[in-house]
$ cat model.csv   # CSV, C-alpha atoms
chain,number,residue,atom,x,y,z
U,1,MET,CA,39.3,17.7,10.0
U,2,ARG,CA,38.3,21.3,10.5
U,3,ILE,CA,37.2,20.6,14.1
U,4,TYR,CA,40.6,19.0,14.9
U,5,ASN,CA,42.5,21.9,13.5
U,6,ARG,CA,40.3,24.4,15.3
U,7,PHE,CA,40.9,22.5,18.6
U,8,ILE,CA,44.7,22.5,18.2
U,9,VAL,CA,44.8,26.2,17.2
U,10,SER,CA,42.5,27.1,20.1
U,11,LEU,CA,44.7,25.2,22.5
U,12,ALA,CA,47.9,26.8,21.2
U,13,ALA,CA,46.3,30.3,21.4
U,14,ALA,CA,45.1,29.6,25.0
U,15,PHE,CA,48.5,28.3,26.2
U,16,SER,CA,50.3,31.3,24.5
U,17,LEU,CA,48.0,33.8,26.1
U,18,THR,CA,48.2,32.2,29.5
U,19,ASN,CA,52.0,32.0,29.5
U,20,ILE,CA,52.4,35.6,28.1
U,21,LEU,CA,50.1,37.0,30.7
U,22,LEU,CA,51.8,35.2,33.6
U,23,ALA,CA,55.2,36.1,32.3
U,24,PHE,CA,54.3,39.8,32.1
U,25,SER,CA,52.8,39.7,35.5
U,26,GLY,CA,56.2,38.6,36.9
U,27,GLN,CA,55.1,35.2,38.0
U,28,ASP,CA,58.0,33.0,38.8
U,29,ASP,CA,56.4,29.8,40.1
U,30,LEU,CA,56.4,26.9,37.7
U,31,ALA,CA,53.4,25.3,39.5
U,32,VAL,CA,51.3,28.4,38.8
U,33,TYR,CA,52.2,28.2,35.1
U,34,PHE,CA,51.3,24.5,35.0
U,35,ASN,CA,48.0,25.0,36.8
U,36,ALA,CA,47.0,27.9,34.6
U,37,ASN,CA,47.8,25.9,31.5
U,38,ALA,CA,45.9,22.9,32.9
U,39,ILE,CA,42.8,25.1,33.5
U,40,ALA,CA,43.2,26.5,29.9
U,41,TYR,CA,43.4,23.0,28.5
U,42,LEU,CA,40.2,21.9,30.4
U,43,ILE,CA,38.3,25.0,29.3
U,44,VAL,CA,39.3,24.5,25.6
U,45,ALA,CA,38.5,20.7,25.8
U,46,LEU,CA,35.1,21.5,27.3
U,47,SER,CA,34.3,24.1,24.6
U,48,HIS,CA,35.1,21.5,22.0
U,49,ALA,CA,32.7,18.8,23.2
U,50,ASP,CA,31.5,18.3,19.6
U,51,LEU,CA,34.6,16.3,18.7
U,52,ASN,CA,33.9,12.8,17.5
U,53,PRO,CA,33.5,10.2,20.3
U,54,ARG,CA,36.9,8.5,19.8
U,55,ALA,CA,38.7,11.9,19.7
U,56,GLN,CA,36.7,13.0,22.8
U,57,THR,CA,37.9,9.9,24.6
U,58,SER,CA,41.5,10.7,23.7
U,59,VAL,CA,41.2,14.3,24.8
U,60,ASN,CA,39.5,13.2,28.0
U,61,ILE,CA,42.3,10.8,28.9
U,62,LEU,CA,44.9,13.6,28.5
U,63,GLY,CA,42.6,16.0,30.4
U,64,ALA,CA,42.5,13.4,33.3
U,65,LEU,CA,46.3,13.2,33.3
U,66,ILE,CA,46.7,17.0,33.4
U,67,PHE,CA,44.0,17.2,36.1
U,68,PHE,CA,46.0,14.7,38.1
U,69,GLY,CA,49.1,16.9,37.7
U,70,PHE,CA,47.0,19.9,38.8
U,71,ILE,CA,45.8,18.0,42.0
U,72,VAL,CA,49.4,16.9,42.8
U,73,THR,CA,50.8,20.5,42.5
U,74,PHE,CA,47.8,21.7,44.5
U,75,ALA,CA,48.5,19.1,47.2
U,76,LEU,CA,52.2,20.0,47.4
U,77,LYS,CA,51.2,23.7,47.8
U,78,LEU,CA,48.9,22.8,50.7
U,79,TYR,CA,51.7,20.7,52.2
U,80,GLU,CA,54.1,23.7,52.0
U,81,ILE,CA,51.5,25.9,53.7
U,82,ALA,CA,50.9,23.3,56.4
U,83,GLN,CA,54.7,23.1,57.0
U,84,MET,CA,55.0,26.9,57.7
N,85,MET,CA,45.9,12.5,7.4
N,86,ALA,CA,46.5,10.7,10.6
N,87,LYS,CA,50.2,10.8,9.7
N,88,SER,CA,50.4,14.6,9.7
N,89,TYR,CA,48.9,14.9,13.2
N,90,MET,CA,51.3,12.2,14.4
N,91,THR,CA,54.3,14.0,12.9
N,92,LEU,CA,53.2,17.3,14.3
N,93,GLY,CA,52.6,15.8,17.7
N,94,ILE,CA,56.0,14.0,17.8
N,95,ILE,CA,57.8,17.2,16.7
N,96,LEU,CA,56.0,19.4,19.3
N,97,ALA,CA,56.5,16.8,22.1
N,98,LEU,CA,60.2,16.5,21.4
N,99,ALA,CA,60.8,20.2,20.9
N,100,GLY,CA,58.8,20.9,24.1
N,101,SER,CA,60.8,18.4,26.1
N,102,PHE,CA,64.0,20.0,24.9
N,103,ILE,CA,62.9,23.5,25.7
N,104,ALA,CA,61.6,22.6,29.1
N,105,LEU,CA,64.7,20.7,30.2
N,106,PHE,CA,67.1,23.2,28.7
N,107,SER,CA,65.4,26.2,30.2
N,108,TYR,CA,64.9,24.5,33.6
N,109,ILE,CA,68.5,23.2,33.9
N,110,ALA,CA,70.7,25.6,31.9
N,111,ILE,CA,69.1,29.0,31.8
N,112,ASP,CA,66.7,28.6,34.9
N,113,SER,CA,63.9,30.5,33.2
N,114,VAL,CA,60.4,29.6,34.6
N,115,PRO,CA,58.4,31.2,31.7
N,116,VAL,CA,60.4,29.4,29.1
N,117,THR,CA,60.1,26.1,31.0
N,118,ALA,CA,56.3,26.7,31.1
N,119,LEU,CA,56.4,27.3,27.3
N,120,GLY,CA,58.1,23.9,27.0
N,121,LEU,CA,55.5,22.2,29.1
N,122,SER,CA,52.7,23.8,27.1
N,123,THR,CA,54.3,22.5,23.9
N,124,ILE,CA,54.5,19.0,25.3
N,125,ILE,CA,50.8,19.1,26.1
N,126,LEU,CA,50.0,20.4,22.6
N,127,GLY,CA,52.1,17.6,21.1
N,128,LEU,CA,50.5,14.9,23.2
N,129,THR,CA,47.1,16.2,22.2
N,130,SER,CA,48.0,16.1,18.5
N,131,ILE,CA,49.3,12.5,19.0
N,132,GLY,CA,46.0,11.6,20.7
N,133,LEU,CA,44.0,13.0,17.9
N,134,ALA,CA,46.1,11.3,15.2
N,135,ASN,CA,45.1,7.9,16.7
N,136,THR,CA,41.5,8.7,16.2
N,137,ARG,CA,41.8,9.5,12.5
N,138,PRO,CA,41.2,6.8,9.9
N,139,LYS,CA,44.4,5.3,8.3
N,140,LEU,CA,43.0,5.8,4.8
N,141,SER,CA,43.5,9.2,3.1
N,142,PRO,CA,40.4,11.2,2.0
N,143,GLU,CA,41.5,10.5,-1.6
N,144,ALA,CA,41.3,6.7,-1.0
N,145,CYS,CA,37.9,7.1,0.8
N,146,LEU,CA,36.6,9.2,-2.1
N,147,LEU,CA,37.8,6.5,-4.5
N,148,PHE,CA,35.6,3.8,-2.8
N,149,LEU,CA,32.7,6.3,-2.6
N,150,LYS,CA,32.9,7.2,-6.3
N,151,ALA,CA,33.0,3.5,-7.3
N,152,GLY,CA,29.8,2.9,-5.3
N,153,VAL,CA,28.1,6.0,-6.6
N,154,LYS,CA,29.0,5.2,-10.2
N,155,ASN,CA,27.5,1.7,-9.9
N,156,THR,CA,24.3,3.1,-8.4
N,157,LEU,CA,24.2,5.7,-11.2
N,158,ALA,CA,24.6,3.0,-13.8
N,159,ILE,CA,21.5,1.2,-12.4
N,160,LEU,CA,19.5,4.4,-12.4
N,161,GLU,CA,20.5,5.3,-15.9
N,162,GLU,CA,19.8,1.8,-17.2
N,163,LEU,CA,16.3,1.8,-15.6
N,164,GLU,CA,15.7,5.4,-16.8
N,165,VAL,CA,14.5,6.5,-13.4
N,166,LYS,CA,13.1,10.0,-13.1
N,167,SER,CA,11.2,10.0,-9.8
N,168,LYS,CA,12.8,11.0,-6.5
N,169,ALA,CA,13.7,8.4,-3.9
N,170,ILE,CA,11.5,7.7,-0.9
N,171,TYR,CA,13.5,7.2,2.3
N,172,LEU,CA,12.0,4.5,4.5
N,173,PRO,CA,12.5,4.0,8.3
N,174,ARG,CA,14.0,0.7,9.5
N,175,SER,CA,10.7,-0.3,11.0
N,176,MET,CA,9.2,-0.6,7.5
N,177,MET,CA,12.0,-2.6,5.9
N,178,LYS,CA,12.6,-5.4,8.4
N,179,GLY,CA,15.2,-3.5,10.3
N,180,ARG,CA,17.1,-2.2,7.2
N,181,SER,CA,17.1,1.5,6.3
N,182,GLU,CA,16.7,1.9,2.6
N,183,ALA,CA,15.5,4.3,0.0
N,184,ILE,CA,13.1,3.1,-2.7
N,185,ILE,CA,12.7,4.4,-6.2
N,186,ILE,CA,9.5,3.9,-8.1
N,187,LEU,CA,10.3,2.7,-11.5
N,188,ASP,CA,7.2,3.9,-13.4
N,189,GLY,CA,7.4,7.5,-12.5
N,190,GLU,CA,5.4,9.9,-10.4
N,191,GLY,CA,2.0,8.5,-11.5
N,192,SER,CA,2.1,5.6,-9.0
N,193,THR,CA,3.0,7.7,-5.9
N,194,LYS,CA,-0.6,7.3,-4.6
N,195,GLY,CA,-0.5,3.6,-4.8
N,196,ILE,CA,2.9,3.3,-3.1
N,197,LYS,CA,1.6,5.6,-0.3
N,198,GLU,CA,-1.2,3.2,0.4
N,199,LYS,CA,1.1,0.3,0.4
N,200,LEU,CA,3.6,2.0,2.7
N,201,SER,CA,1.0,2.7,5.3
N,202,GLY,CA,0.1,-0.9,5.3
N,203,SER,CA,2.2,-4.0,5.2
N,204,LEU,CA,5.8,-4.6,4.1
N,205,PHE,CA,6.8,-4.9,0.6
N,206,VAL,CA,7.0,-8.2,-1.2
N,207,GLY,CA,10.4,-8.5,-3.0
N,208,TYR,CA,12.4,-10.8,-5.1
N,209,GLU,CA,15.4,-12.5,-3.6
N,210,PHE,CA,18.7,-12.6,-5.5
N,211,SER,CA,19.2,-15.8,-7.4
N,212,LEU,CA,22.7,-17.1,-6.6
N,213,PRO,CA,24.6,-20.1,-7.9
N,214,PHE,CA,24.2,-23.2,-5.7
N,215,ASN,CA,27.6,-23.1,-4.1
N,216,GLU,CA,27.2,-19.5,-3.1
N,217,ARG,CA,23.7,-20.0,-1.9
N,218,GLY,CA,24.9,-22.6,0.5
N,219,SER,CA,27.3,-20.2,2.1
N,220,GLN,CA,26.0,-18.6,5.3
N,221,LYS,CA,28.2,-15.6,4.7
N,222,PHE,CA,26.6,-14.7,1.5
N,223,LYS,CA,23.1,-15.1,2.9
N,224,GLU,CA,23.9,-12.6,5.6
N,225,VAL,CA,25.7,-10.1,3.5
N,226,LEU,CA,23.5,-9.9,0.4
N,227,PRO,CA,20.5,-7.6,0.5
N,228,ARG,CA,17.2,-9.5,0.8
N,229,HIS,CA,15.4,-7.6,-1.8
N,230,ILE,CA,16.3,-5.2,-4.6
N,231,VAL,CA,13.2,-5.3,-6.8
N,232,LEU,CA,10.0,-4.7,-4.9
N,233,ASP,CA,6.4,-5.1,-5.8
N,234,TYR,CA,4.0,-2.5,-4.3
N,235,GLY,CA,0.9,-3.5,-6.2
N,236,THR,CA,-0.6,-6.2,-8.3
N,237,GLY,CA,0.2,-4.6,-11.7
N,238,SER,CA,3.3,-5.7,-13.6
N,239,LYS,CA,4.6,-2.1,-13.7
N,240,GLU,CA,4.1,-1.4,-10.0
N,241,LYS,CA,7.7,-2.1,-9.1
N,242,ALA,CA,10.3,-0.2,-7.2
N,243,ILE,CA,14.0,-0.7,-6.4
N,244,ALA,CA,15.5,-0.5,-3.0
N,245,ILE,CA,18.9,1.2,-2.6
N,246,THR,CA,21.1,1.7,0.4
N,247,THR,CA,22.3,5.3,0.4
N,248,LEU,CA,24.9,7.2,2.3
N,249,GLY,CA,22.2,8.4,4.7
N,250,ASN,CA,20.9,4.9,5.4
N,251,ILE,CA,24.4,3.7,6.3
N,252,CYS,CA,24.9,6.7,8.6
N,253,LEU,CA,22.1,5.5,10.8
N,254,ASP,CA,24.4,2.9,12.2
N,255,PHE,CA,26.4,5.7,13.8
N,256,LEU,CA,23.4,6.8,15.9
N,257,LYS,CA,23.5,5.4,19.4
N,258,TYR,CA,19.7,5.6,19.7
N,259,THR,CA,16.7,6.3,17.5
N,260,PRO,CA,16.0,10.1,17.7
N,261,GLY,CA,12.5,11.3,18.8
N,262,ARG,CA,10.0,13.1,16.7
N,263,THR,CA,10.6,16.7,17.9
N,264,ALA,CA,12.6,19.2,15.9
N,265,ASP,CA,15.2,19.4,18.7
N,266,GLU,CA,15.7,15.7,18.8
N,267,ILE,CA,16.0,15.5,15.1
N,268,LYS,CA,18.4,18.5,15.0
N,269,SER,CA,20.6,16.9,17.7
N,270,ALA,CA,20.8,13.6,15.7
N,271,ILE,CA,21.6,15.3,12.4
N,272,LYS,CA,24.2,17.6,14.1
N,273,TYR,CA,25.8,14.6,15.8
N,274,ILE,CA,26.3,12.8,12.5
N,275,LEU,CA,27.2,15.8,10.3
N,276,THR,CA,29.5,17.7,12.7
N,277,ARG,CA,30.8,15.1,15.2
N,278,VAL,CA,31.0,11.8,13.4
N,279,LEU,CA,31.6,13.0,9.8
N,280,ASP,CA,32.8,16.6,10.3
N,281,ILE,CA,31.2,17.7,7.0
N,282,ALA,CA,29.1,20.6,8.3
N,283,SER,CA,29.1,23.2,11.1
N,284,GLY,CA,25.5,23.9,12.0
N,285,VAL,CA,22.0,22.6,11.6
N,286,ARG,CA,18.5,24.2,11.9
N,287,VAL,CA,15.3,22.0,11.8
N,288,ASP,CA,11.7,23.0,11.5
N,289,VAL,CA,9.1,20.2,11.7
N,290,THR,CA,5.5,20.5,10.6
N,291,ALA,CA,2.8,17.8,10.0
N,292,SER,CA,3.7,17.2,6.3
N,293,THR,CA,7.1,18.7,5.9
N,294,VAL,CA,10.5,19.0,7.5
N,295,LYS,CA,12.7,22.0,6.7
N,296,VAL,CA,16.4,21.7,7.4
N,297,GLU,CA,19.1,24.2,7.0
N,298,VAL,CA,22.7,22.9,7.1
N,299,THR,CA,25.5,25.5,7.3
N,300,GLY,CA,29.2,25.1,6.6
N,301,ALA,CA,28.6,21.9,4.5
N,302,GLU,CA,31.6,20.4,2.7
N,303,MET,CA,30.8,20.1,-1.0
N,304,MET,CA,32.8,16.9,-1.8
N,305,ASP,CA,32.8,16.1,-5.5
N,306,LYS,CA,30.5,18.6,-7.2
N,307,ASP,CA,30.4,16.7,-10.5
N,308,ILE,CA,28.9,13.6,-9.0
N,309,PHE,CA,26.9,14.7,-6.0
N,310,TYR,CA,25.6,18.1,-6.9
N,311,GLY,CA,24.2,20.1,-9.7
N,312,GLU,CA,22.4,18.3,-12.5
N,313,SER,CA,23.6,14.8,-12.0
N,314,LEU,CA,21.0,12.0,-12.0
N,315,TYR,CA,22.3,10.6,-8.7
N,316,SER,CA,21.8,13.9,-6.8
N,317,HIS,CA,18.4,14.4,-8.5
N,318,VAL,CA,17.1,11.0,-7.4
N,319,LEU,CA,18.8,10.3,-4.1
N,320,GLY,CA,19.9,13.9,-3.1
N,321,SER,CA,23.4,15.1,-2.2
N,322,PRO,CA,25.3,13.3,0.6
N,323,VAL,CA,24.2,15.8,3.2
N,324,THR,CA,20.6,15.7,2.1
N,325,SER,CA,20.6,11.9,2.0
N,326,ILE,CA,21.8,11.8,5.6
N,327,VAL,CA,19.2,14.4,6.7
N,328,ALA,CA,16.4,12.5,4.9
N,329,ALA,CA,17.4,9.1,6.4
N,330,ILE,CA,17.6,10.5,9.9
N,331,CYS,CA,14.2,12.4,9.6
N,332,SER,CA,12.6,9.2,8.2
N,333,GLU,CA,13.9,7.2,11.1
N,334,ALA,CA,13.0,9.8,13.7
N,335,LEU,CA,9.4,10.3,12.4
N,336,GLU,CA,9.0,6.6,11.6
N,337,LYS,CA,7.5,7.6,8.3
N,338,PRO,CA,8.7,7.6,4.7
N,339,VAL,CA,10.1,10.9,3.5
N,340,ARG,CA,10.9,12.3,0.1
N,341,ILE,CA,13.3,15.1,-0.8
N,342,THR,CA,11.2,17.8,-2.5
N,343,PHE,CA,13.6,20.7,-2.5
N,344,GLU,CA,17.3,21.1,-2.2
N,345,THR,CA,19.5,24.1,-2.8
N,346,ILE,CA,23.2,24.5,-2.1
N,347,ARG,CA,24.7,28.0,-1.8
N,348,LYS,CA,28.2,28.7,-0.5
N,349,GLY,CA,28.2,25.7,1.9
N,350,ALA,CA,24.6,26.3,3.1
N,351,VAL,CA,22.2,23.5,2.1
N,352,SER,CA,18.4,24.2,2.3
N,353,ILE,CA,16.3,21.0,2.3
N,354,ILE,CA,12.6,20.5,2.3
N,355,LEU,CA,11.4,17.0,2.9
N,356,GLU,CA,7.8,15.8,2.3
N,357,VAL,CA,6.6,13.4,5.0
N,358,ILE,CA,4.5,10.7,3.5
N,359,PRO,CA,1.7,9.9,5.9
$ encode --input "model.csv" --output "structure tokens"
Amino acid sequence: MRIYNRFIVSLAAAFSLTNILLAFSGQDDLAVYFNANAIAYLIVALSHADLNPRAQTSVNILGALIFFGFIVTFALKLYEIAQM
Amino acid sequence: MAKSYMTLGIILALAGSFIALFSYIAIDSVPVTALGLSTIILGLTSIGLANTRPKLSPEACLLFLKAGVKNTLAILEELEVKSKAIYLPRSMMKGRSEAIIILDGEGSTKGIKEKLSGSLFVGYEFSLPFNERGSQKFKEVLPRHIVLDYGTGSKEKAIAITTLGNICLDFLKYTPGRTADEIKSAIKYILTRVLDIASGVRVDVTASTVKVEVTGAEMMDKDIFYGESLYSHVLGSPVTSIVAAICSEALEKPVRITFETIRKGAVSIILEVIP
């Protein structure tokens, strides 16, 4: 139970920190926010590799979906650059 | 317990969706939309974790555990057992990990050591009524032996008990090796990842002893498992029982708990490896 709580609290802290830093730096692109949060999620998930195997599977599935979103936004950015 | 994570997850996901949509459509604020997206991710994570928790509450689990422990305790009290249990690897008990308790005290330890280094024990099978003996299910479920002979004398008997540690071996994906690192990794896997009842483990292996330090251990029910209770004296606390069973399996030798102290969540254990 303590590991789960620690994981959720770490995730909330990482997301808050990321969003606050980007907001204060004047960032106004939603894709940048999403990608930064996606990276934060992947880092926190990786640093909690000692979750039990079933929880790890669940976290990995969500991580894969977020990573897919990251790839899509990245591809869209590349497409935008190519169009210029 | 799973319910609280599920409730938290649903609330966060719904609140996040509302914040994201409202800020994106109505107030056109990117940071607030990002906050909504983060909240949705947090909610989905919580829902994902909720599905991996057991449906039973810890109180219900403790109820079953207490019933089992009290029955074992009743047997120990009835037999007036004083000696500490010896944890045996599966290779010595026909594939079953068990702890044995010598009934006639410490005096017979030498004899049992000689027997352990040789062949398997000879035991008595349960005597069941005819209709139950005919059932294949009962034959598979019931333990093969409970009272064991380890010598020729009438007093040279022991009882075989399945402890918490013995059952935990089923969670191991493979049998750990004999080195301190491999044993540490197996103990850490069970205590921190599978059971989540400790936070750290340190292991030191010598030829005749294994020293283990477990930090951040959950104390469970102090009245039953710790202190002066007969159960903890004979079989060790839950954490110690798990450590002993894993060490025995890894070293492929019988081990006995010779020392155990618990101080503020830190458990120090010394196991004697019986050659």
$ closest_residue --input "model.csv" --among "N:Arg180, N:Arg286, N:Lys348, N:Lys272" --to "chain U" --atoms "all atoms listed in the file"
N:Lys272
$ closest_atom_pairs --input "model.csv" --of "chain U" --to "chain N" --cutoff "8 Å" --atoms "all atoms listed in the file" --output "Markdown table"
| residue | atom | partner | partner_atom | distance |
| --- | --- | --- | --- | --- |
| U:Met1 | CA | N:Asp280 | CA | 6.6 |
| U:Arg2 | CA | N:Asp280 | CA | 7.2 |
| U:Ile3 | CA | N:Asp280 | CA | 7.1 |
| U:Tyr4 | CA | N:Leu133 | CA | 7.5 |
| U:Ile8 | CA | N:Leu126 | CA | 7.2 |
| U:Leu11 | CA | N:Leu126 | CA | 7.2 |
| U:Ala12 | CA | N:Leu126 | CA | 6.9 |
| U:Phe15 | CA | N:Ser122 | CA | 6.2 |
| U:Ser16 | CA | N:Leu119 | CA | 7.8 |
| U:Asn19 | CA | N:Leu119 | CA | 6.8 |
| U:Leu22 | CA | N:Pro115 | CA | 7.9 |
| U:Ala23 | CA | N:Pro115 | CA | 5.9 |
| U:Asp28 | CA | N:Val114 | CA | 5.9 |
| U:Asp29 | CA | N:Val114 | CA | 6.8 |
| U:Leu30 | CA | N:Val114 | CA | 5.7 |
| U:Tyr33 | CA | N:Ala118 | CA | 5.9 |
| U:Phe34 | CA | N:Ala118 | CA | 6.7 |
| U:Asn37 | CA | N:Ser122 | CA | 6.9 |
| U:Asp50 | CA | N:Arg277 | CA | 5.5 |
| U:Leu51 | CA | N:Arg277 | CA | 5.3 |
| U:Asn52 | CA | N:Arg277 | CA | 4.5 |
| U:Pro53 | CA | N:Val278 | CA | 7.5 |
| U:Arg54 | CA | N:Thr136 | CA | 5.8 |
| U:Ala55 | CA | N:Thr136 | CA | 5.5 |
| U:Ser58 | CA | N:Gly132 | CA | 5.5 |
| U:Val59 | CA | N:Thr129 | CA | 6.7 |
| U:Leu62 | CA | N:Thr129 | CA | 7.2 |
$ write_last_selection --input "model.csv" --atoms "C-alpha atoms" --output "JSON list (two decimals), in the coordinates of the input"
[["chain", "number", "residue", "atom", "x", "y", "z"],
["U", 1, "MET", "CA", 39.30, 17.70, 10.00],
["U", 2, "ARG", "CA", 38.30, 21.30, 10.50],
["U", 3, "ILE", "CA", 37.20, 20.60, 14.10],
["U", 4, "TYR", "CA", 40.60, 19.00, 14.90],
["U", 8, "ILE", "CA", 44.70, 22.50, 18.20],
["U", 11, "LEU", "CA", 44.70, 25.20, 22.50],
["U", 12, "ALA", "CA", 47.90, 26.80, 21.20],
["U", 15, "PHE", "CA", 48.50, 28.30, 26.20],
["U", 16, "SER", "CA", 50.30, 31.30, 24.50],
["U", 19, "ASN", "CA", 52.00, 32.00, 29.50],
["U", 22, "LEU", "CA", 51.80, 35.20, 33.60],
["U", 23, "ALA", "CA", 55.20, 36.10, 32.30],
["U", 28, "ASP", "CA", 58.00, 33.00, 38.80],
["U", 29, "ASP", "CA", 56.40, 29.80, 40.10],
["U", 30, "LEU", "CA", 56.40, 26.90, 37.70],
["U", 33, "TYR", "CA", 52.20, 28.20, 35.10],
["U", 34, "PHE", "CA", 51.30, 24.50, 35.00],
["U", 37, "ASN", "CA", 47.80, 25.90, 31.50],
["U", 50, "ASP", "CA", 31.50, 18.30, 19.60],
["U", 51, "LEU", "CA", 34.60, 16.30, 18.70],
["U", 52, "ASN", "CA", 33.90, 12.80, 17.50],
["U", 53, "PRO", "CA", 33.50, 10.20, 20.30],
["U", 54, "ARG", "CA", 36.90, 8.50, 19.80],
["U", 55, "ALA", "CA", 38.70, 11.90, 19.70],
["U", 58, "SER", "CA", 41.50, 10.70, 23.70],
["U", 59, "VAL", "CA", 41.20, 14.30, 24.80],
["U", 62, "LEU", "CA", 44.90, 13.60, 28.50]]
$ closest_residue --input "model.csv" --among "N:Lys150, N:Leu335, N:Asp112, N:Lys87" --to "Thr259 of chain N" --atoms "all atoms listed in the file"
N:Leu335
$ residues_around --input "model.csv" --residues "Thr342 of chain N" --least-positions-apart "3" --cutoff "10 Å" --atoms "all atoms listed in the file" --output "PyMOL selection string"
chain N and resi 168-169+293+317+320+339+353-357
$ write_last_selection --input "model.csv" --atoms "C-alpha atoms" --output "mmCIF file, keeping the file's coordinate frame"
data_model
loop_
_atom_site.group_PDB
_atom_site.id
_atom_site.type_symbol
_atom_site.label_atom_id
_atom_site.label_comp_id
_atom_site.auth_asym_id
_atom_site.auth_seq_id
_atom_site.Cartn_x
_atom_site.Cartn_y
_atom_site.Cartn_z
ATOM 1 C CA LYS N 168 12.800 11.000 -6.500
ATOM 2 C CA ALA N 169 13.700 8.400 -3.900
ATOM 3 C CA THR N 293 7.100 18.700 5.900
ATOM 4 C CA HIS N 317 18.400 14.400 -8.500
ATOM 5 C CA GLY N 320 19.900 13.900 -3.100
ATOM 6 C CA VAL N 339 10.100 10.900 3.500
ATOM 7 C CA ILE N 353 16.300 21.000 2.300
ATOM 8 C CA ILE N 354 12.600 20.500 2.300
ATOM 9 C CA LEU N 355 11.400 17.000 2.900
ATOM 10 C CA GLU N 356 7.800 15.800 2.300
ATOM 11 C CA VAL N 357 6.600 13.400 5.000
#
$ closest_residue --input "model.csv" --among "U:Ile61, U:Val32, U:Phe67, U:Val44" --to "Arg6 of chain U" --atoms "all atoms listed in the file"
U:Val44
$ atom_distance --input "model.csv" --atom1 "atom CA of Arg174 of chain N" --atom2 "atom CA of Gly300 of chain N"
28.9 Å
$ atom_distance --input "model.csv" --atom1 "atom CA of Val351 of chain N" --atom2 "atom CA of Val298 of chain N"
5.1 Å
$ atom_distance --input "model.csv" --atom1 "atom CA of Glu344 of chain N" --atom2 "atom CA of Ser321 of chain N"
8.6 Å
$ residues_around --input "model.csv" --residues "Asn35 of chain U" --least-positions-apart "3" --cutoff "10 Å" --atoms "all atoms listed in the file" --output "ChimeraX atom specification"
/U:30-32,38-41,66-67,69-71,73-74
$ residues_around --input "model.csv" --residues "Cys252 of chain N" --least-positions-apart "5" --cutoff "9 Å" --atoms "all atoms listed in the file" --output "compact mmCIF listing (two decimals) with C-alpha atoms, in the coordinates of the input"
# COMPACT_ATOMS: atom_id res chain seq x y z
CA THR N 247 22.30 5.30 0.40
CA ILE N 274 26.30 12.80 12.50
CA ILE N 326 21.80 11.80 5.60
CA ALA N 329 17.40 9.10 6.40
CA ILE N 330 17.60 10.50 9.90
$ build_atoms --input "model.csv" --residues "segment 64-76 of chain U" --atoms "N, CA and C atoms" --output "PDB file, in the frame of the given file"
ATOM      1  N   ALA U  64      42.426  14.088  31.951  1.00  0.00           N
ATOM      2  CA  ALA U  64      42.500  13.400  33.300  1.00  0.00           C
ATOM      3  C   ALA U  64      43.904  13.440  33.806  1.00  0.00           C
ATOM      4  N   LEU U  65      44.880  13.180  32.917  1.00  0.00           N
ATOM      5  CA  LEU U  65      46.300  13.200  33.300  1.00  0.00           C
ATOM      6  C   LEU U  65      46.723  14.584  33.789  1.00  0.00           C
ATOM      7  N   ILE U  66      46.309  15.591  33.013  1.00  0.00           N
ATOM      8  CA  ILE U  66      46.700  17.000  33.400  1.00  0.00           C
ATOM      9  C   ILE U  66      45.980  17.364  34.672  1.00  0.00           C
ATOM     10  N   PHE U  67      44.744  16.924  34.831  1.00  0.00           N
ATOM     11  CA  PHE U  67      44.000  17.200  36.100  1.00  0.00           C
ATOM     12  C   PHE U  67      44.710  16.558  37.268  1.00  0.00           C
ATOM     13  N   PHE U  68      45.230  15.351  37.050  1.00  0.00           N
ATOM     14  CA  PHE U  68      46.000  14.700  38.100  1.00  0.00           C
ATOM     15  C   PHE U  68      47.206  15.477  38.500  1.00  0.00           C
ATOM     16  N   GLY U  69      47.914  16.010  37.484  1.00  0.00           N
ATOM     17  CA  GLY U  69      49.100  16.900  37.700  1.00  0.00           C
ATOM     18  C   GLY U  69      48.669  18.116  38.521  1.00  0.00           C
ATOM     19  N   PHE U  70      47.524  18.670  38.146  1.00  0.00           N
ATOM     20  CA  PHE U  70      47.000  19.900  38.800  1.00  0.00           C
ATOM     21  C   PHE U  70      46.732  19.541  40.306  1.00  0.00           C
ATOM     22  N   ILE U  71      46.126  18.382  40.572  1.00  0.00           N
ATOM     23  CA  ILE U  71      45.800  18.000  42.000  1.00  0.00           C
ATOM     24  C   ILE U  71      47.121  17.780  42.749  1.00  0.00           C
ATOM     25  N   VAL U  72      48.121  17.170  42.104  1.00  0.00           N
ATOM     26  CA  VAL U  72      49.400  16.900  42.800  1.00  0.00           C
ATOM     27  C   VAL U  72      50.068  18.246  43.166  1.00  0.00           C
ATOM     28  N   THR U  73      50.137  19.186  42.227  1.00  0.00           N
ATOM     29  CA  THR U  73      50.800  20.500  42.500  1.00  0.00           C
ATOM     30  C   THR U  73      49.993  21.235  43.612  1.00  0.00           C
ATOM     31  N   PHE U  74      48.676  21.091  43.537  1.00  0.00           N
ATOM     32  CA  PHE U  74      47.800  21.700  44.500  1.00  0.00           C
ATOM     33  C   PHE U  74      48.083  21.130  45.929  1.00  0.00           C
ATOM     34  N   ALA U  75      48.206  19.791  45.962  1.00  0.00           N
ATOM     35  CA  ALA U  75      48.500  19.100  47.200  1.00  0.00           C
ATOM     36  C   ALA U  75      49.835  19.505  47.796  1.00  0.00           C
ATOM     37  N   LEU U  76      50.826  19.633  46.914  1.00  0.00           N
ATOM     38  CA  LEU U  76      52.200  20.000  47.400  1.00  0.00           C
ATOM     39  C   LEU U  76      52.148  21.448  47.955  1.00  0.00           C
TER      40      LEU U  76
END
